[in-house]
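Printed here is final.csv (CSV, C-alpha atoms and all ligand atoms):
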```csv
chain,number,residue,atom,x,y,z
A,1,MET,CA,180.0,139.4,110.0
A,2,ASN,CA,182.9,141.9,110.2
A,3,PHE,CA,183.4,144.2,113.1
A,4,SER,CA,182.5,147.9,112.3
A,5,TYR,CA,185.4,150.3,112.7
A,6,TRP,CA,183.6,151.7,115.8
A,7,GLU,CA,183.2,148.3,117.4
A,8,PHE,CA,186.8,147.3,116.8
A,9,ASP,CA,188.1,150.7,117.8
A,10,PHE,CA,186.1,151.0,121.1
A,11,TYR,CA,186.0,147.4,122.4
A,12,LEU,CA,189.0,145.6,121.1
A,13,LYS,CA,191.9,148.0,121.1
A,14,ASN,CA,194.3,149.1,123.9
A,15,ILE,CA,193.5,146.1,126.1
A,16,ASP,CA,196.0,145.5,128.9
A,17,PHE,CA,194.7,142.1,130.0
A,18,ALA,CA,192.4,140.1,127.8
A,19,ILE,CA,190.9,137.0,129.5
A,20,ILE,CA,189.3,134.3,127.4
A,21,GLY,CA,186.5,132.5,129.2
A,22,GLY,CA,183.8,134.0,131.5
A,23,GLY,CA,183.5,131.1,133.9
A,24,ILE,CA,184.5,131.2,137.6
A,25,VAL,CA,188.3,131.1,136.8
A,26,GLY,CA,188.1,133.9,134.1
A,27,MET,CA,186.0,136.0,136.5
A,28,SER,CA,188.3,135.4,139.5
A,29,SER,CA,191.4,136.1,137.4
A,30,ALA,CA,189.9,139.4,136.1
A,31,TYR,CA,188.9,140.3,139.7
A,32,HIS,CA,192.3,139.6,141.2
A,33,LEU,CA,194.2,141.2,138.3
A,34,LYS,CA,192.1,144.4,138.8
A,35,ARG,CA,193.0,144.4,142.5
A,36,LYS,CA,196.7,144.1,141.6
A,37,PHE,CA,196.7,146.5,138.7
A,38,PRO,CA,193.8,149.0,139.4
A,39,ASN,CA,194.5,151.2,136.4
A,40,ALA,CA,194.7,148.3,133.9
A,41,ARG,CA,192.0,147.9,131.2
A,42,ILE,CA,190.8,144.3,131.7
A,43,VAL,CA,188.4,142.7,129.2
A,44,VAL,CA,186.8,139.2,129.6
A,45,VAL,CA,185.7,137.6,126.3
A,46,GLU,CA,183.1,134.9,126.5
A,47,ARG,CA,181.7,133.0,123.5
A,48,ASP,CA,178.2,132.4,125.0
A,49,PHE,CA,175.7,134.4,126.9
A,50,PHE,CA,176.3,132.7,130.3
A,51,SER,CA,179.2,130.2,130.1
A,52,ALA,CA,179.3,127.4,127.5
A,53,GLY,CA,181.6,125.4,129.7
A,54,ALA,CA,180.9,124.4,133.3
A,55,SER,CA,180.5,127.4,135.6
A,56,SER,CA,176.8,127.9,135.1
A,57,ARG,CA,176.1,124.3,134.2
A,58,ASN,CA,177.5,122.4,137.2
A,59,ALA,CA,175.8,120.9,140.3
A,60,GLY,CA,176.8,123.6,142.7
A,61,PHE,CA,178.5,121.4,145.3
A,62,ALA,CA,180.8,123.4,147.5
A,63,CYS,CA,182.9,120.4,148.5
A,64,PHE,CA,186.4,119.3,149.2
A,65,GLY,CA,186.2,115.5,148.8
A,66,SER,CA,184.2,112.4,149.8
A,67,PRO,CA,186.0,109.6,151.8
A,68,THR,CA,186.1,107.1,148.9
A,69,GLU,CA,187.2,109.7,146.4
A,70,ILE,CA,190.1,110.8,148.6
A,71,LEU,CA,191.1,107.3,149.5
A,72,SER,CA,191.1,106.2,145.9
A,73,ASP,CA,193.1,109.4,144.9
A,74,ALA,CA,195.6,108.7,147.6
A,75,GLN,CA,196.3,105.3,146.1
A,76,VAL,CA,196.9,106.7,142.7
A,77,ASN,CA,198.6,110.0,143.4
A,78,GLY,CA,199.9,109.7,147.0
A,79,TRP,CA,198.9,111.5,150.1
A,80,GLU,CA,200.9,114.6,149.6
A,81,SER,CA,199.2,115.5,146.4
A,82,VAL,CA,195.7,114.6,147.7
A,83,LEU,CA,196.1,116.7,150.8
A,84,LYS,CA,197.3,119.6,148.8
A,85,THR,CA,194.2,119.3,146.6
A,86,ILE,CA,191.9,119.2,149.6
A,87,GLN,CA,193.6,122.3,151.1
A,88,ASN,CA,193.3,124.2,147.8
A,89,ARG,CA,189.6,123.3,147.5
A,90,TYR,CA,188.9,124.4,151.0
A,91,MET,CA,190.9,127.6,150.6
A,92,GLY,CA,189.1,128.2,147.3
A,93,LEU,CA,185.7,127.9,149.0
A,94,GLN,CA,186.8,130.4,151.7
A,95,ALA,CA,188.1,132.8,149.0
A,96,LEU,CA,184.9,132.6,147.1
A,97,GLN,CA,182.8,133.3,150.2
A,98,ASP,CA,185.1,136.2,151.1
A,99,ILE,CA,184.1,137.8,147.8
A,100,ILE,CA,180.5,136.5,147.4
A,101,PRO,CA,178.7,135.8,150.6
A,102,MET,CA,176.8,132.4,150.7
A,103,SER,CA,173.5,134.2,151.0
A,104,LYS,CA,174.0,135.8,147.6
A,105,MET,CA,174.5,132.4,145.9
A,106,ASP,CA,171.5,130.8,147.7
A,107,GLY,CA,174.2,128.8,149.5
A,108,CYS,CA,174.1,126.7,152.7
A,109,GLN,CA,176.8,124.7,154.5
A,110,ASN,CA,174.8,121.9,156.2
A,111,GLY,CA,177.4,119.3,155.4
A,112,GLY,CA,177.4,116.5,152.8
A,113,VAL,CA,177.0,112.7,152.9
A,114,GLU,CA,178.7,109.8,151.2
A,115,ILE,CA,176.3,106.9,150.9
A,116,PHE,CA,176.9,103.2,150.2
A,117,GLU,CA,174.4,101.0,148.4
A,118,SER,CA,173.5,97.5,149.7
A,119,HIS,CA,175.9,95.8,147.4
A,120,GLU,CA,178.8,97.9,148.7
A,121,SER,CA,179.0,96.6,152.3
A,122,ASP,CA,182.7,95.6,151.9
A,123,LYS,CA,183.6,99.0,150.6
A,124,PHE,CA,181.7,100.7,153.5
A,125,ASP,CA,183.4,98.5,156.1
A,126,SER,CA,186.9,99.2,154.6
A,127,THR,CA,186.2,102.9,154.4
A,128,MET,CA,185.0,103.0,158.0
A,129,ASP,CA,188.2,101.2,159.0
A,130,GLN,CA,190.3,103.9,157.3
A,131,LEU,CA,188.2,106.8,158.7
A,132,PRO,CA,190.3,107.6,161.8
A,133,ASP,CA,193.5,107.8,159.7
A,134,LEU,CA,191.7,109.9,157.0
A,135,ASN,CA,190.3,112.3,159.6
A,136,ARG,CA,193.8,112.7,161.2
A,137,ARG,CA,195.4,113.5,157.9
A,138,VAL,CA,192.7,115.9,156.8
A,139,ASN,CA,192.7,117.5,160.2
A,140,ASP,CA,196.4,118.3,159.7
A,141,VAL,CA,195.7,120.5,156.7
A,142,LEU,CA,192.2,121.8,157.4
A,143,GLY,CA,192.2,122.0,161.2
A,144,PHE,CA,189.1,119.9,161.7
A,145,SER,CA,188.0,116.2,161.2
A,146,PRO,CA,185.2,116.3,158.7
A,147,TYR,CA,184.1,112.6,158.4
A,148,GLN,CA,181.8,110.7,160.8
A,149,LYS,CA,179.4,107.8,160.5
A,150,LYS,CA,175.7,108.7,160.0
A,151,SER,CA,172.8,106.5,160.9
A,152,GLU,CA,169.8,108.5,159.6
A,153,PRO,CA,168.2,107.0,156.4
A,154,PHE,CA,167.6,110.5,154.7
A,155,GLY,CA,164.5,109.0,153.2
A,156,LEU,CA,166.6,106.8,150.8
A,157,THR,CA,166.3,103.2,150.1
A,158,ASN,CA,168.9,100.5,149.3
A,159,ILE,CA,171.5,102.1,151.6
A,160,ILE,CA,173.7,100.2,153.9
A,161,GLY,CA,175.9,103.0,155.3
A,162,ALA,CA,176.5,106.7,155.3
A,163,ILE,CA,179.4,108.9,156.2
A,164,GLY,CA,178.8,112.6,156.9
A,165,ILE,CA,181.1,115.3,155.6
A,166,ASP,CA,181.2,118.3,157.9
A,167,ARG,CA,181.3,121.9,156.4
A,168,GLU,CA,180.4,120.8,152.9
A,169,GLY,CA,177.9,123.1,151.2
A,170,MET,CA,176.0,123.9,148.1
A,171,ILE,CA,175.3,126.9,146.0
A,172,HIS,CA,173.2,128.1,143.0
A,173,PRO,CA,175.9,128.3,140.3
A,174,GLY,CA,173.8,130.7,138.1
A,175,LYS,CA,173.6,133.2,141.0
A,176,MET,CA,177.3,132.8,141.7
A,177,LEU,CA,178.2,133.7,138.1
A,178,ALA,CA,175.8,136.6,138.1
A,179,GLN,CA,177.5,137.9,141.3
A,180,TRP,CA,180.9,137.7,139.6
A,181,GLN,CA,179.6,139.7,136.7
A,182,LYS,CA,178.1,142.3,138.9
A,183,ILE,CA,181.2,142.7,141.1
A,184,ASN,CA,183.6,142.7,138.2
A,185,ARG,CA,181.6,145.3,136.2
A,186,GLU,CA,181.4,147.5,139.3
A,187,LEU,CA,185.2,147.3,139.4
A,188,GLY,CA,185.3,148.6,135.8
A,189,ILE,CA,186.1,145.2,134.1
A,190,GLU,CA,184.5,144.8,130.7
A,191,ILE,CA,182.8,141.6,129.9
A,192,LEU,CA,182.0,140.9,126.2
A,193,TYR,CA,179.6,138.0,125.6
A,194,GLY,CA,178.9,136.2,122.4
A,195,LEU,CA,182.4,136.5,120.9
A,196,ASN,CA,184.0,133.2,119.9
A,197,ILE,CA,187.7,133.2,119.8
A,198,GLU,CA,188.8,131.3,116.7
A,199,SER,CA,192.5,131.0,117.4
A,200,VAL,CA,195.3,132.1,119.7
A,201,ASP,CA,198.9,132.9,119.0
A,202,VAL,CA,200.8,131.9,122.1
A,203,ALA,CA,204.0,133.7,121.3
A,204,SER,CA,202.5,137.2,120.7
A,205,GLY,CA,199.5,136.8,122.9
A,206,ALA,CA,197.2,137.7,120.0
A,207,PHE,CA,193.8,136.2,119.5
A,208,GLN,CA,191.4,136.1,116.5
A,209,ILE,CA,187.7,136.8,116.4
A,210,ARG,CA,185.7,137.1,113.1
A,211,GLY,CA,189.0,136.8,111.2
A,212,ARG,CA,190.5,139.9,113.0
A,213,TRP,CA,193.6,139.6,115.1
A,214,ILE,CA,193.5,141.5,118.5
A,215,LEU,CA,196.7,142.2,120.4
A,216,PRO,CA,196.3,142.8,124.1
A,217,SER,CA,199.4,143.5,126.3
A,218,ARG,CA,198.8,140.2,128.0
A,219,LEU,CA,196.5,137.2,127.2
A,220,VAL,CA,195.0,134.9,129.8
A,221,VAL,CA,193.3,131.7,128.7
A,222,CYS,CA,190.7,130.4,131.1
A,223,THR,CA,188.8,127.9,128.9
A,224,ASN,CA,189.3,124.9,131.1
A,225,GLY,CA,188.0,121.7,129.3
A,226,LEU,CA,187.5,123.6,126.1
A,227,THR,CA,191.2,124.6,125.9
A,228,PRO,CA,192.2,121.9,123.3
A,229,GLY,CA,190.1,123.8,120.8
A,230,LEU,CA,192.4,126.8,121.1
A,231,ILE,CA,195.8,125.6,122.4
A,232,SER,CA,197.4,122.2,121.7
A,233,GLY,CA,200.0,120.4,123.7
A,234,LEU,CA,198.6,121.0,127.2
A,235,ASP,CA,197.5,118.0,129.3
A,236,VAL,CA,193.8,119.0,129.3
A,237,ILE,CA,191.2,116.4,128.4
A,238,PRO,CA,187.6,117.4,128.0
A,239,ALA,CA,185.2,115.4,130.1
A,240,ARG,CA,181.5,115.9,129.7
A,241,ASN,CA,179.2,115.6,132.7
A,242,GLN,CA,175.4,115.3,132.4
A,243,VAL,CA,172.8,116.4,134.9
A,244,LEU,CA,169.1,115.7,135.5
A,245,VAL,CA,166.6,117.6,137.7
A,246,THR,CA,163.3,115.9,138.7
A,247,ASN,CA,159.9,117.3,139.3
A,248,GLU,CA,159.0,118.6,142.8
A,249,ILE,CA,159.0,115.4,144.8
A,250,LEU,CA,160.6,115.9,148.2
A,251,GLU,CA,158.3,116.7,151.1
A,252,LYS,CA,161.2,117.6,153.3
A,253,PRO,CA,164.2,118.9,151.3
A,254,TRP,CA,167.6,117.7,152.7
A,255,ASN,CA,169.5,120.9,152.0
A,256,GLN,CA,172.6,118.6,151.9
A,257,THR,CA,174.8,117.1,149.2
A,258,PHE,CA,175.2,113.4,148.5
A,259,HIS,CA,178.0,111.4,146.9
A,260,LEU,CA,178.3,107.8,145.7
A,261,ARG,CA,181.1,105.8,144.3
A,262,GLU,CA,184.2,108.0,144.7
A,263,GLY,CA,182.1,111.0,143.7
A,264,TYR,CA,181.4,109.8,140.2
A,265,VAL,CA,177.6,110.1,141.0
A,266,TYR,CA,176.3,113.0,143.0
A,267,PHE,CA,172.9,114.3,144.0
A,268,ARG,CA,171.3,117.1,146.0
A,269,ASN,CA,168.0,118.9,146.3
A,270,VAL,CA,167.1,122.1,144.5
A,271,GLY,CA,164.2,123.2,146.6
A,272,ARG,CA,161.8,120.2,146.4
A,273,ARG,CA,163.4,118.8,143.3
A,274,VAL,CA,166.3,116.4,143.1
A,275,LEU,CA,169.4,117.1,140.9
A,276,ILE,CA,171.5,114.0,140.0
A,277,GLY,CA,174.6,114.1,137.8
A,278,GLY,CA,177.7,112.2,136.8
A,279,GLY,CA,178.1,108.6,135.8
A,280,ARG,CA,181.1,109.5,133.6
A,281,ASP,CA,183.0,106.5,134.9
A,282,MET,CA,180.5,104.2,133.2
A,283,PHE,CA,180.8,105.9,129.8
A,284,ARG,CA,184.3,107.2,129.9
A,285,GLU,CA,185.2,107.2,126.2
A,286,GLN,CA,181.9,108.6,125.1
A,287,GLU,CA,182.1,111.4,127.6
A,288,ALA,CA,185.6,112.5,126.6
A,289,THR,CA,184.2,115.1,124.2
A,290,LEU,CA,183.9,118.8,123.6
A,291,LEU,CA,180.3,118.5,122.5
A,292,LEU,CA,177.6,119.9,124.8
A,293,GLU,CA,175.0,117.3,124.2
A,294,GLU,CA,173.1,114.8,126.2
A,295,THR,CA,172.9,111.1,125.6
A,296,GLU,CA,170.1,108.6,126.2
A,297,ASN,CA,172.4,106.0,127.9
A,298,VAL,CA,173.7,108.5,130.6
A,299,LYS,CA,170.3,110.0,131.1
A,300,HIS,CA,168.8,106.5,131.5
A,301,TYR,CA,171.5,105.5,133.9
A,302,LEU,CA,171.1,108.6,136.1
A,303,HIS,CA,167.3,108.3,136.1
A,304,GLU,CA,167.4,104.7,137.1
A,305,THR,CA,169.9,105.5,139.9
A,306,ILE,CA,167.8,108.2,141.5
A,307,GLN,CA,164.6,106.1,141.2
A,308,ARG,CA,166.4,103.2,142.9
A,309,LEU,CA,167.7,105.5,145.7
A,310,LEU,CA,164.4,107.2,146.3
A,311,GLY,CA,162.4,103.9,145.9
A,312,ARG,CA,159.9,105.5,143.6
A,313,GLU,CA,159.3,106.7,140.0
A,314,VAL,CA,160.2,110.3,139.3
A,315,GLU,CA,159.8,112.6,136.3
A,316,ILE,CA,162.8,114.4,134.8
A,317,GLU,CA,162.0,118.0,134.0
A,318,HIS,CA,165.4,119.5,133.2
A,319,HIS,CA,168.5,118.0,131.7
A,320,TRP,CA,171.8,119.4,130.4
A,321,SER,CA,175.5,118.8,130.1
A,322,GLY,CA,178.7,120.7,130.7
A,323,ILE,CA,182.4,120.2,130.0
A,324,MET,CA,185.0,119.8,132.6
A,325,GLY,CA,188.8,119.8,132.2
A,326,MET,CA,190.6,116.8,133.4
A,327,GLY,CA,194.2,115.6,132.7
A,328,ASN,CA,196.6,112.7,133.2
A,329,SER,CA,197.9,114.6,136.1
A,330,LYS,CA,195.7,116.1,138.8
A,331,GLY,CA,195.6,119.7,139.8
A,332,PRO,CA,195.2,122.9,137.9
A,333,ILE,CA,197.7,124.3,135.3
A,334,ILE,CA,198.5,127.9,136.3
A,335,GLN,CA,201.5,129.1,134.3
A,336,SER,CA,202.9,131.3,131.5
A,337,LEU,CA,203.2,129.7,128.0
A,338,SER,CA,205.2,132.6,126.7
A,339,GLU,CA,206.0,136.2,127.9
A,340,LYS,CA,202.6,137.3,126.7
A,341,THR,CA,200.3,134.3,127.2
A,342,TYR,CA,199.2,132.7,130.5
A,343,VAL,CA,196.8,129.8,131.2
A,344,ALA,CA,194.7,128.8,134.2
A,345,VAL,CA,192.9,125.6,133.2
A,346,ARG,CA,192.2,122.0,134.3
A,347,MET,CA,189.9,122.4,137.2
A,348,GLY,CA,188.9,118.7,137.4
A,349,GLY,CA,185.5,118.2,138.9
A,350,MET,CA,186.0,120.8,141.5
A,351,GLY,CA,186.2,124.2,139.9
A,352,VAL,CA,183.5,125.7,142.1
A,353,ALA,CA,185.8,124.8,145.0
A,354,ILE,CA,189.2,125.8,143.6
A,355,GLY,CA,188.3,128.3,140.9
A,356,THR,CA,188.5,131.5,143.0
A,357,TRP,CA,191.8,130.5,144.4
A,358,VAL,CA,193.1,129.6,140.9
A,359,GLY,CA,192.3,133.2,139.7
A,360,GLN,CA,194.1,134.6,142.7
A,361,GLU,CA,197.2,132.5,142.0
A,362,LEU,CA,197.1,133.5,138.3
A,363,ALA,CA,197.1,137.2,139.2
A,364,ARG,CA,199.9,136.6,141.7
A,365,ILE,CA,202.3,135.1,139.1
A,366,MET,CA,201.5,137.8,136.4
A,367,GLU,CA,203.6,140.9,135.9
B,401,LIG,C1,177.8,118.9,135.0
B,401,LIG,C2,178.9,119.4,135.9
B,401,LIG,C3,178.8,119.3,137.3
B,401,LIG,C4,179.8,119.9,138.0
B,401,LIG,N1,179.6,119.9,139.4
B,401,LIG,C5,180.5,120.6,140.1
B,401,LIG,C6,180.3,120.8,141.5
B,401,LIG,O1,179.2,120.4,142.0
B,401,LIG,N2,181.2,121.4,142.3
B,401,LIG,C7,182.4,121.8,141.7
B,401,LIG,O2,183.3,122.3,142.5
B,401,LIG,N3,182.7,121.7,140.4
B,401,LIG,C8,181.7,121.1,139.6
B,401,LIG,N4,182.0,120.9,138.3
B,401,LIG,C9,183.2,121.5,137.7
B,401,LIG,C10,183.2,123.0,137.7
B,401,LIG,O3,181.9,123.4,137.2
B,401,LIG,C11,184.3,123.4,136.7
B,401,LIG,O4,185.5,122.9,137.2
B,401,LIG,C12,184.4,125.0,136.7
B,401,LIG,O5,183.2,125.6,136.4
B,401,LIG,C13,185.5,125.4,135.7
B,401,LIG,O6,185.5,126.8,135.6
B,401,LIG,P1,186.3,127.5,134.5
B,401,LIG,O7,186.1,128.9,134.6
B,401,LIG,O8,187.7,127.0,134.6
B,401,LIG,O9,185.7,126.9,133.1
B,401,LIG,P2,184.3,127.1,132.4
B,401,LIG,O10,183.3,127.4,133.4
B,401,LIG,O11,184.2,126.0,131.5
B,401,LIG,O12,184.6,128.4,131.6
B,401,LIG,C14,185.3,128.4,130.4
B,401,LIG,C15,184.6,129.4,129.5
B,401,LIG,O13,185.4,129.6,128.4
B,401,LIG,C16,184.5,129.9,127.3
B,401,LIG,N5,185.2,129.6,126.1
B,401,LIG,C17,185.7,128.4,125.7
B,401,LIG,N6,186.2,128.5,124.4
B,401,LIG,C18,186.0,129.7,124.0
B,401,LIG,C19,186.4,130.4,122.9
B,401,LIG,N7,186.9,129.8,121.8
B,401,LIG,N8,186.0,131.7,122.8
B,401,LIG,C20,185.4,132.4,123.8
B,401,LIG,N9,185.1,131.7,125.0
B,401,LIG,C21,185.4,130.4,125.1
B,401,LIG,C22,183.4,128.9,127.6
B,401,LIG,O14,182.2,129.3,126.9
B,401,LIG,C23,183.3,128.9,129.1
B,401,LIG,O15,182.3,129.8,129.5
B,401,LIG,C24,181.0,120.4,137.5
B,401,LIG,C25,181.1,120.4,136.1
B,401,LIG,C26,180.1,119.9,135.3
B,401,LIG,C27,180.2,120.0,133.8
```
As structure tokens - that is how I would like this structure written.
Amino acid sequence: MNFSYWEFDFYLKNIDFAIIGGGIVGMSSAYHLKRKFPNARIVVVERDFFSAGASSRNAGFACFGSPTEILSDAQVNGWESVLKTIQNRYMGLQALQDIIPMSKMDGCQNGGVEIFESHESDKFDSTMDQLPDLNRRVNDVLGFSPYQKKSEPFGLTNIIGAIGIDREGMIHPGKMLAQWQKINRELGIEILYGLNIESVDVASGAFQIRGRWILPSRLVVCTNGLTPGLISGLDVIPARNQVLVTNEILEKPWNQTFHLREGYVYFRNVGRRVLIGGGRDMFREQEATLLLEETENVKHYLHETIQRLLGREVEIEHHWSGIMGMGNSKGPIIQSLSEKTYVAVRMGGMGVAIGTWVGQELARIME
């Protein structure tokens, strides 16, 4: 279908900043660019109705890192990089709440918990041994010591230990994105849904939809894990994550988040339901994909895990997948690729946490 003259003339001409991607990073970039350039015409172009990436498809953990995840990251990437990441996540969560109050995202900040299953007693003991040092290092960047041993069972079975994570929270990602839409539209930012960008010309900053080239003054690409479909040569690797939600089973909802195994598996309650996601480490090759599908093996694995932890059979009423952006290096890519084209991509598994800050940084480096 071609654009009519009217559509093209009204919506797609004379754009100062075009932003590809209507997830949290695209929305935050648009917001912060509008704050910096109040008279600029800013247009966000999104291929789906909500977000066909991760921002309305994630688990809604407002978190900065579980003990085993941080300790394992520190071994691979070193403490300096890990502490910077923790700081960015925490700052990002603060920045998000400064713009969208927790109450508008059905959010709460009751803390999180890392749990260890009965076969992980050695891992629990060694994590506990390292906890004072971990708290000291995190305290240096956040100003508080988040981790402490927990003894309550949380109604879970098969658990030999638990470590609480102070100030961790959870939100409703759909409500978060809806708030971004509302706030940005009120600022005069245009958001065009249902337009798939077919290609990008990095040198000129032009992008193509329905065969037509559109030339904004500046182009910002915020497509995270889906970036390899538009721009090649960046260290961004798509990583699918699958999520299940049970029927209403909890008599007393936790209103807390839970992590297992370096954060590769996570669960929380959604009202009286339980949401569980992850397991990517068990199916790494299969999950390095741009395809938004679910697979029986991951679903089965997550279903078994939650039944084992709850000690009972549960029904799955909702399931979906989303695409994250990982890389061989950690941390987001926020940079110019040419005088006209900028990118803010590779949020890892923590875009809810760092996304707002990334948009702020992107606006800061743009002229
Ligand atoms: C299942 C799952 C659970 C997660 N859980 C958490 C969590 O609990 N806490 C946390 O902090 N993070 C979590 N994450 C990660 C987090 O959701 C992401 O890091 C974050 O949403 C990335 O935001 P973004 O704006 O960079 O990318 P996205 O939200 O992926 O947005 C990119 C947008 O670009 C659009 N797009 C792509 N290509 C095109 C094109 N050609 N034309 C037009 N539009 C295009 C996509 O449709 C998409 O909406 C999870 C991710 C997944 C998948």
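Atom to atom, CA of Tyr31 (chain A) and CA of Met366 (chain A) stand 13.3 Å apart.
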Glu287 (chain A) surroundings by only C-alpha atoms, 6 Å radius, close-in-sequence under 3 positions cut, as a VMD selection string
chain A and resid 239 to 240 284
Judged by only C-alpha atoms, the minimum distance to Val298 (chain A) among A:Val265, A:Leu226, A:Ile191, A:Ile163 is found for A:Val265
Produce a table with one row for each residue of chain A that has an atom at most 7 Å from any atom of ligand LIG 401 (chain B), each row naming the nearest atom pair and its distance in Å at one decimal; use only C-alpha atoms and all ligand atoms; arrange rows by chain and rising residue number; format as a Markdown table.
```
| residue | atom | partner | partner_atom | distance |
| --- | --- | --- | --- | --- |
| A:Ile20 | CA | B:LIG401 | N9 | 5.5 |
| A:Gly21 | CA | B:LIG401 | O13 | 3.2 |
| A:Gly22 | CA | B:LIG401 | O15 | 4.9 |
| A:Gly23 | CA | B:LIG401 | O7 | 3.5 |
| A:Ile24 | CA | B:LIG401 | O7 | 4.1 |
| A:Val25 | CA | B:LIG401 | O7 | 3.8 |
| A:Gly26 | CA | B:LIG401 | O7 | 5.4 |
| A:Val45 | CA | B:LIG401 | C20 | 5.8 |
| A:Glu46 | CA | B:LIG401 | N9 | 4.1 |
| A:Arg47 | CA | B:LIG401 | C20 | 3.8 |
| A:Asp48 | CA | B:LIG401 | O14 | 5.4 |
| A:Phe50 | CA | B:LIG401 | O15 | 6.7 |
| A:Ser51 | CA | B:LIG401 | O15 | 3.2 |
| A:Ala52 | CA | B:LIG401 | O14 | 3.5 |
| A:Gly53 | CA | B:LIG401 | O11 | 3.2 |
| A:Ala54 | CA | B:LIG401 | O10 | 3.8 |
| A:Ser55 | CA | B:LIG401 | O5 | 3.3 |
| A:Ser56 | CA | B:LIG401 | O10 | 6.7 |
| A:Arg57 | CA | B:LIG401 | C1 | 5.7 |
| A:Asn58 | CA | B:LIG401 | C3 | 3.4 |
| A:Ala59 | CA | B:LIG401 | O1 | 3.8 |
| A:Gly60 | CA | B:LIG401 | O1 | 4.1 |
| A:Phe61 | CA | B:LIG401 | O1 | 3.5 |
| A:Ala62 | CA | B:LIG401 | N2 | 5.6 |
| A:Cys63 | CA | B:LIG401 | O2 | 6.3 |
| A:Leu195 | CA | B:LIG401 | C20 | 5.8 |
| A:Asn196 | CA | B:LIG401 | N8 | 3.8 |
| A:Ile197 | CA | B:LIG401 | N8 | 3.8 |
| A:Glu198 | CA | B:LIG401 | N7 | 5.6 |
| A:Cys222 | CA | B:LIG401 | O8 | 5.7 |
| A:Thr223 | CA | B:LIG401 | O13 | 3.8 |
| A:Asn224 | CA | B:LIG401 | O8 | 4.4 |
| A:Gly225 | CA | B:LIG401 | O11 | 6.1 |
| A:Leu226 | CA | B:LIG401 | C17 | 5.1 |
| A:Thr227 | CA | B:LIG401 | N6 | 6.5 |
| A:Gly229 | CA | B:LIG401 | N7 | 6.9 |
| A:Leu230 | CA | B:LIG401 | N7 | 6.3 |
| A:Arg240 | CA | B:LIG401 | C27 | 5.9 |
| A:Asn241 | CA | B:LIG401 | C1 | 4.3 |
| A:Gln242 | CA | B:LIG401 | C1 | 5.0 |
| A:Val243 | CA | B:LIG401 | C1 | 5.6 |
| A:Gly277 | CA | B:LIG401 | C1 | 6.4 |
| A:Gly278 | CA | B:LIG401 | C1 | 6.9 |
| A:Ser321 | CA | B:LIG401 | C1 | 5.4 |
| A:Gly322 | CA | B:LIG401 | C27 | 3.5 |
| A:Ile323 | CA | B:LIG401 | C27 | 4.4 |
| A:Met324 | CA | B:LIG401 | C27 | 5.0 |
| A:Gly325 | CA | B:LIG401 | O4 | 6.7 |
| A:Val345 | CA | B:LIG401 | O8 | 5.6 |
| A:Arg346 | CA | B:LIG401 | O8 | 6.7 |
| A:Met347 | CA | B:LIG401 | O4 | 4.4 |
| A:Gly348 | CA | B:LIG401 | O4 | 5.4 |
| A:Gly349 | CA | B:LIG401 | C9 | 4.2 |
| A:Met350 | CA | B:LIG401 | O2 | 3.2 |
| A:Gly351 | CA | B:LIG401 | O4 | 3.1 |
| A:Val352 | CA | B:LIG401 | O2 | 3.4 |
| A:Ala353 | CA | B:LIG401 | O2 | 4.3 |
| A:Ile354 | CA | B:LIG401 | O2 | 6.9 |
| A:Gly355 | CA | B:LIG401 | O6 | 6.2 |
```
| field | Point-to-point distance in Å for CA of Gly169 (chain A) and CA of Gly112 (chain A) | value |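 So the answer is 6.8 Å.
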CA of Ser126 (chain A) to CA of Gly65 (chain A): how many Å, to one decimal?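 About the pair CA of Ser126 (chain A) and CA of Gly65 (chain A): they are 17.3 Å apart.
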*asked:* Need the shell around Pro38 (chain A): protein/DNA/RNA residues with any atom at most 12 Å away, counting only C-alpha atoms. Skip same-chain ones fewer than 2 positions apart. Format as JSON, numbers by chain?
replied: {"A": [16, 17, 30, 31, 32, 33, 34, 35, 36, 40, 41, 42, 187, 188, 189]}
Review point. What's the 12 Å shell around Pro146 (chain A), counting all atoms listed in the file, without same-chain residues fewer than 4 positions away, as a PyMOL selection string?
Key: chain A and resi 63-67+86+90+111-114+131-142+163-168
Hey, can you spit out that residue selection with C-alpha atoms as a tab-separated table (two decimals), in the coordinates of the input?
```tsv
chain	number	residue	atom	x	y	z
A	63	CYS	CA	182.90	120.40	148.50
A	64	PHE	CA	186.40	119.30	149.20
A	65	GLY	CA	186.20	115.50	148.80
A	66	SER	CA	184.20	112.40	149.80
A	67	PRO	CA	186.00	109.60	151.80
A	86	ILE	CA	191.90	119.20	149.60
A	90	TYR	CA	188.90	124.40	151.00
A	111	GLY	CA	177.40	119.30	155.40
A	112	GLY	CA	177.40	116.50	152.80
A	113	VAL	CA	177.00	112.70	152.90
A	114	GLU	CA	178.70	109.80	151.20
A	131	LEU	CA	188.20	106.80	158.70
A	132	PRO	CA	190.30	107.60	161.80
A	133	ASP	CA	193.50	107.80	159.70
A	134	LEU	CA	191.70	109.90	157.00
A	135	ASN	CA	190.30	112.30	159.60
A	136	ARG	CA	193.80	112.70	161.20
A	137	ARG	CA	195.40	113.50	157.90
A	138	VAL	CA	192.70	115.90	156.80
A	139	ASN	CA	192.70	117.50	160.20
A	140	ASP	CA	196.40	118.30	159.70
A	141	VAL	CA	195.70	120.50	156.70
A	142	LEU	CA	192.20	121.80	157.40
A	163	ILE	CA	179.40	108.90	156.20
A	164	GLY	CA	178.80	112.60	156.90
A	165	ILE	CA	181.10	115.30	155.60
A	166	ASP	CA	181.20	118.30	157.90
A	167	ARG	CA	181.30	121.90	156.40
A	168	GLU	CA	180.40	120.80	152.90
```
